[in-house]
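Remarks on the structure that follows.
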There are 2 protein chains.
Amino acid sequence: MPSFYSKRDLQFQLFENQNCLELTHLPYFADHSEETFKLVLDSAEQIAEKSLRPLLTEMDRNEPQLVNGKIRIHPSMKSIIRQFGKDGWINALFSYEEGGQQLPWTIHIGAGYIFQAANYSASVFPFLTTGAANLIRTFGTRALVEKFTPKMYSGDWQGTMALTEPDAGSSLSDLSTTAYPTDQEGIYKIKGQKIYISAGDHDACENIIHLMLARIQGAPAGTKGISLFVVPKHRISGEPNDVLTQGIYHKMGYKGAPIAHLMIGSNDGCEGYLVGEANQGLKYMFQMMNEARLGVGMNAVAIASAAFQASLAYAKERPQGRKITEKDLSKPQVPIIEHADVKRMLMFQKSVVEGALALLIFCAILSDKISQETDSEKKKQGECLLGLLTPIAKSYPSEMGVLSTSAAVQILGGAGYTTDFPVEQYFRESRIHPIHEGTSGIHGLDLLGRKVLIEDGLGWKLLQQEIQASLEKSSKFSALDSIHQLFENQLKKFNHSAAQLLFKMNQGPEIFLADATLFLEATGLICVGWMWLNQSVTAQEALENGSAEQDFYMGKIETARYFMEYELPKINGLTERFHSNSYPTLEMKREWF
Amino acid sequence: MPSFYSKRDLQFQLFENQNCLELTHLPYFADHSEETFKLVLDSAEQIAEKSLRPLLTEMDRNEPQLVNGKIRIHPSMKSIIRQFGKDGWINALFSYEEGGQQLPWTIHIGAGYIFQAANYSASVFPFLTTGAANLIRTFGTRALVEKFTPKMYSGDWQGTMALTEPDAGSSLSDLSTTAYPTDQEGIYKIKGQKIYISAGDHDACENIIHLMLARIQGAPAGTKGISLFVVPKHRISGEPNDVLTQGIYHKMGYKGAPIAHLMIGSNDGCEGYLVGEANQGLKYMFQMMNEARLGVGMNAVAIASAAFQASLAYAKERPQGRKITEKDLSKPQVPIIEHADVKRMLMFQKSVVEGALALLIFCAILSDKISQETDSEKKKQGECLLGLLTPIAKSYPSEMGVLSTSAAVQILGGAGYTTDFPVEQYFRESRIHPIHEGTSGIHGLDLLGRKVLIEDGLGWKLLQQEIQASLEKSSKFSALDSIHQLFENQLKKFNHSAAQLLFKMNQGPEIFLADATLFLEATGLICVGWMWLNQSVTAQEALENGSAEQDFYMGKIETARYFMEYELPKINGLTERFHSNSYPTLEMKREWF
């Protein structure tokens, strides 16, 4: 049994609580079945257990280093990345004609969950390549596709997303890397620098293919003047392409994956290939970024899962103290899982991990459906709902992942603070997720300032409909009465407060958006509460149908109850703000600090 | 100006918001004055800036190592510890006869705040020695005092508190290190092992003096059979005393301070000296532990202060994005402190740091008063109030310190996750505090299961009286109306819910204590809210008296408002539990996970 995720729960999420098999009714996925999906997941588990998990600690203790202008990473990564290529993971999503397997993204991200839970650093290399290759095949010319993607699919070449610059982090509109036209159509000279580029350079692959944002000379200011380029480290000829590794960032966690600082065209020798049309770069990137953001949510859940499993195993074995009612000190100590407060911290983790996983799988299935949707109205609806859920499904797991891994550390106590156990590493690794692929603050603005309002609130209305449908289902099970009631009451209160907040739009964007991050947090609680409502229904149905797995399903129902009793009420601490007319964060002046 | 704490705020806390000078009216402290206090604090700042802060990163990157059975620490610590001794920091609290300065603990812990904010690891060595020496001088014979304390005061010898064992962490009653009587009165042969001993061995001092808990052969089971011993690493003669360093723990943070695993008397050669009476060890230790616990609270605030200052400086300088109302992209980017969400994260940190600091100084002044109180009734009252506040003043800063340093990381974004800035180190270091000197779970039980109930709730009543007195004061300032109202309303709701919870005592300890940690968290919010109410009154008074420091005082009032608007409402997410009759953490079974 793997120690870093619950196989039983992943199968529950995919095949019982939600039905990923309905995807196989769509022509693109028609060759797939429960059997092929499970084969994929089993093979992910094998790689995770045999190749990735054993390197978890080692990759943390032996960070990548910049040596003679090249980043040296853990030597095992070379064969692991090739293995990912050979086994078809990198292009699994793509069509048969492209050599892919037409695998639903849902299953791919499910496999990713297993990889990431085993060893987050090691897992990012192939996923980055998939994302980069996907940009080329979706928006690039046939020539570009043929030139670059085959060696990316095989794992010989690494793909990256090169967005951030020293002066353009959250504010992408300010990026200044420049592309100068050349005599050759579609080929530009690129000049600038990029920072924080994940897998931006390393010695496990022969070439690094950057999907890079830059501004064509003379392009409009802001986001409307940004174009997308393929910028390889080495040209196809093998010559260097004037992409120099200026530095490597040493980080708190997630150390096995190198993050590079790149100088582009310092010697005027960097060629880049325009992808698609000029000035459409950010649009292209964002089409992929939704998936990248859900991917980050999944990374966060995966790490939280590994920490949860580690602390659960510890809590079952570590004897310490006695039941609070036991005064006889000659009795042996009990495993700490018997203490209510330890159980609380375990249930907290379980509720975060399995609740967020459910939300991400909901989004993944929705995303797969949208990709195959032919009815434009339905496609728009799906996109609005997915667009609305994306900042939530990225941010809830990211923010809660830090607290969840922190609870794992707490359960181990002093031992958890030492490097003798992996939980401290999980805690350090989890801290990146509220930052990369858009900080939580940015996602708050995205949710309240854009996604809630798009198409006259279509996404919001659809979310409410989905939740109402779940409530209708849960109302039919008397055993779930209290869970149903707690959720329904909280939802009503939340919707009332959210309406209050929406009224503030009249007062201008500063006031309206001042507490966008709190709105994001509250909406996250509602969405994950909704996911727990669904899980309790699925579990109750199974119990009423006489399932033999009493323990598993009772655990689901009790954790749903935990969520409604302990987590959902936190909304009340947030929504008071939506009713307030006092704005300390706007009033405060920098001189006052 | 030091970069790791606000000198202005510390002076506000000690001399304006609270009046530490009233301590100088007590005979023991009568030689002191504002001048001597400020001299002490200034000299702490000098050491902190010149000796401690420059080693912060270095001590993190070069961890102590166990080499040939001895722990090797940063070579600079040798002279730093001697400096602490020479300057009189280690025995500053003690009487003139003992060579001390009769310094109030309030000023000592204020100086500690400065040291800890500069370099937490480096700061712990002298504070541990003070704690250990204090146990010997308070409970030991004159002979023991003379034998051991002079070289501890000079910094030649290190003191430790040796409590934890492999099977006795949170459950101290289960400790099994044994003391066997010898022919010599007061001298015992000690046998056992101790883990997680801070500064338990290192090469910067000539000897290590452990204040060790052990059970005299045949002593009663549980906490009633625990005695306290002085167990030196080397005997006075210089011979080794069979205390072997079996291992060193490598940790997530706070790496400069070594934590040892010790084998005691493995070769039957360890002699220990009984301190005070047999079987009174835990009582003695706990008398010191209150101070140690408040000390941990202070450590947590200090680290949060350093992170706050670092992120504040960054936010003032780092340009990124524009005001939400600014659509002209040709305008330069603004420093991120202009963004409401960044200000929110800064105000959160400011509210945690300065609110918790106020609470700790309240406790410190109270502790100094109690130590000099001659009226037994007043002493009991003081002890009940301080006893009640201790778990809160330890746990609020510890738990919030993790979130506060996390907010500092978030403000720096990707940069904050790298080792180029100190905030990631502060985040790692902060994580120890909810664990050591009693986990938050243990303090929850201590608060609700003991401290609230002691002397028919005397401490609780006194706390309510203190808060009411503050409300009376704040009611006189119309400018503080909304702050006053928000606090008063929340307090009423909280007291109502707390009463609900107390009724549950009838249902037995399991139900009554199931949510003790949540009660601790809610009480922490109330106490720190109370501290912010006080600070707003002090600031408003200063403004009305025409102070020229408008910025400083306006910042206080606006942060008080922030606390009432953003932090205090979190109580509502906690108190719903006190009204609930559903107990998922009791119902959940281990097989269900």
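Just remember, in the structure tokens the first chain shown is A, the second B, etc., residues are 1-based per chain, and ligands are 1-based in the order shown.
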Per residue of chain B within 6 Å of chain A, what are the shortest atom pair and its distance in Å to one decimal, counting only C-alpha atoms, with rows by chain and residue number, as a Markdown table?
| residue | atom | partner | partner_atom | distance |
| --- | --- | --- | --- | --- |
| B:Ser171 | CA | A:Gly321 | CA | 5.1 |
| B:His250 | CA | A:Thr418 | CA | 5.5 |
| B:Lys251 | CA | A:Thr418 | CA | 4.1 |
| B:Met252 | CA | A:Tyr417 | CA | 5.9 |
| B:Gly321 | CA | A:Ser171 | CA | 5.1 |
| B:Ala340 | CA | A:Thr585 | CA | 5.4 |
| B:Lys343 | CA | A:Thr585 | CA | 5.7 |
| B:Arg344 | CA | A:Thr585 | CA | 5.5 |
| B:Gly413 | CA | A:Ile435 | CA | 5.7 |
| B:Tyr417 | CA | A:Lys251 | CA | 5.7 |
| B:Thr418 | CA | A:Lys251 | CA | 4.1 |
| B:Thr419 | CA | A:Lys251 | CA | 5.4 |
| B:Ile435 | CA | A:Gly413 | CA | 5.7 |
| B:Ala514 | CA | A:Ala340 | CA | 5.9 |
| B:Asp551 | CA | A:Trp592 | CA | 4.6 |
| B:Phe552 | CA | A:Trp592 | CA | 5.6 |
| B:Gly555 | CA | A:Trp592 | CA | 4.3 |
| B:Tyr562 | CA | A:Pro584 | CA | 5.5 |
| B:Pro569 | CA | A:Gly573 | CA | 4.6 |
| B:Lys570 | CA | A:Gly573 | CA | 4.0 |
| B:Asn572 | CA | A:Gly573 | CA | 5.5 |
| B:Gly573 | CA | A:Lys570 | CA | 4.0 |
| B:Pro584 | CA | A:Tyr562 | CA | 5.5 |
| B:Thr585 | CA | A:Ala340 | CA | 5.4 |
| B:Leu586 | CA | A:Ala340 | CA | 5.9 |
| B:Trp592 | CA | A:Gly555 | CA | 4.3 |
| B:Phe593 | CA | A:Gly555 | CA | 5.7 |
Spatial neighbours of Leu52 of chain B, max dist 7 Å, only C-alpha atoms, sep filter under 5 positions, as JSON, numbers by chain
{"B": [47, 118, 119, 122]}
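Straight-line separation from atom CA of Val334 of chain B to atom CA of Glu165 of chain A: 16.4 Å.
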Selection near Gln246 of chain B, 8 Å with only C-alpha atoms, sequence-local residues under 2 positions removed, as an MDAnalysis selection string
chainID B and resid 69 244 248 260:263
Looking at only C-alpha atoms, which of B:Ile361, B:Leu93, B:Ala48, B:Ile264 is the one that sits closest to Tyr153 of chain B?
B:Leu93
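Scanning segment 65-153 of chain B with DSSP on the backbone, the strand (DSSP E) assignments fall on Gln65, Leu66, Val67, Lys70, Ile71 and Arg72 of chain B.
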Do a neighbour search on Lys224 of chain A at 10 Å with only C-alpha atoms, toss out local chain neighbours closer than 3 positions, and write the hits as a ChimeraX atom specification.
/A:173,215,219-221,227,278-283
Which of these residues is nearest to Leu26 of chain A, using only C-alpha atoms: A:Ser95, A:Gln349, A:Gln465, A:Ser371?
A:Ser371
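For Gly159 of chain A, the non-local neighbours within 6 Å, defined as residues at least 5 positions apart in the same chain or in other chains and counting only C-alpha atoms, are Leu128, Thr129, Ala132, Ile208, Ile209 and His210 of chain A.
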Could you write out that same residue set with C-alpha atoms as a PDB file, in the first residue's frame?
ATOM      1  CA  LEU A 128       5.761  21.359 -17.662  1.00  0.00           C
ATOM      2  CA  THR A 129       6.739  19.746 -20.934  1.00  0.00           C
ATOM      3  CA  ALA A 132       4.562  23.751 -23.284  1.00  0.00           C
ATOM      4  CA  ILE A 208      15.116  23.219 -23.081  1.00  0.00           C
ATOM      5  CA  ILE A 209      12.186  24.600 -25.065  1.00  0.00           C
ATOM      6  CA  HIS A 210      10.855  27.814 -23.556  1.00  0.00           C
TER       7      HIS A 210
END
Run DSSP on the backbone and tell me which residues of segment 19-73 of chain B come out as helix (DSSP H, G or I); list them as a PyMOL selection string.
chain B and resi 20-25+27-29+34-61
Output C-alpha atoms for every residue in the selection just made, as a PDB file, in the first residue's frame.
ATOM      1  CA  CYS B  20       6.317  49.342  33.513  1.00  0.00           C
ATOM      2  CA  LEU B  21       7.698  52.155  35.648  1.00  0.00           C
ATOM      3  CA  GLU B  22       5.161  51.413  38.355  1.00  0.00           C
ATOM      4  CA  LEU B  23       7.402  48.421  39.096  1.00  0.00           C
ATOM      5  CA  THR B  24      10.060  50.826  40.326  1.00  0.00           C
ATOM      6  CA  HIS B  25       7.758  51.690  43.238  1.00  0.00           C
ATOM      7  CA  PRO B  27      11.296  47.971  46.927  1.00  0.00           C
ATOM      8  CA  TYR B  28      13.055  45.182  45.002  1.00  0.00           C
ATOM      9  CA  PHE B  29      13.125  47.275  41.819  1.00  0.00           C
ATOM     10  CA  GLU B  34      13.108  54.865  33.011  1.00  0.00           C
ATOM     11  CA  GLU B  35      16.739  55.645  32.361  1.00  0.00           C
ATOM     12  CA  THR B  36      18.139  52.320  33.538  1.00  0.00           C
ATOM     13  CA  PHE B  37      15.401  50.435  31.686  1.00  0.00           C
ATOM     14  CA  LYS B  38      16.166  52.230  28.474  1.00  0.00           C
ATOM     15  CA  LEU B  39      19.884  51.686  28.949  1.00  0.00           C
ATOM     16  CA  VAL B  40      19.244  47.959  29.246  1.00  0.00           C
ATOM     17  CA  LEU B  41      17.105  47.932  26.100  1.00  0.00           C
ATOM     18  CA  ASP B  42      19.606  50.014  24.157  1.00  0.00           C
ATOM     19  CA  SER B  43      22.410  47.737  25.095  1.00  0.00           C
ATOM     20  CA  ALA B  44      20.305  44.744  23.998  1.00  0.00           C
ATOM     21  CA  GLU B  45      19.771  46.452  20.674  1.00  0.00           C
ATOM     22  CA  GLN B  46      23.495  46.947  20.262  1.00  0.00           C
ATOM     23  CA  ILE B  47      24.325  43.291  20.849  1.00  0.00           C
ATOM     24  CA  ALA B  48      21.428  42.257  18.638  1.00  0.00           C
ATOM     25  CA  GLU B  49      22.513  44.436  15.753  1.00  0.00           C
ATOM     26  CA  LYS B  50      26.238  43.945  15.999  1.00  0.00           C
ATOM     27  CA  SER B  51      26.604  40.342  17.104  1.00  0.00           C
ATOM     28  CA  LEU B  52      23.376  38.443  16.561  1.00  0.00           C
ATOM     29  CA  ARG B  53      21.685  39.675  13.389  1.00  0.00           C
ATOM     30  CA  PRO B  54      24.796  39.295  11.193  1.00  0.00           C
ATOM     31  CA  LEU B  55      24.874  35.568  12.006  1.00  0.00           C
ATOM     32  CA  LEU B  56      21.201  34.901  11.262  1.00  0.00           C
ATOM     33  CA  THR B  57      21.624  33.357   7.826  1.00  0.00           C
ATOM     34  CA  GLU B  58      24.989  31.792   8.493  1.00  0.00           C
ATOM     35  CA  MET B  59      23.739  29.891  11.529  1.00  0.00           C
ATOM     36  CA  ASP B  60      20.826  28.593   9.479  1.00  0.00           C
ATOM     37  CA  ARG B  61      23.024  27.379   6.640  1.00  0.00           C
TER      38      ARG B  61
END
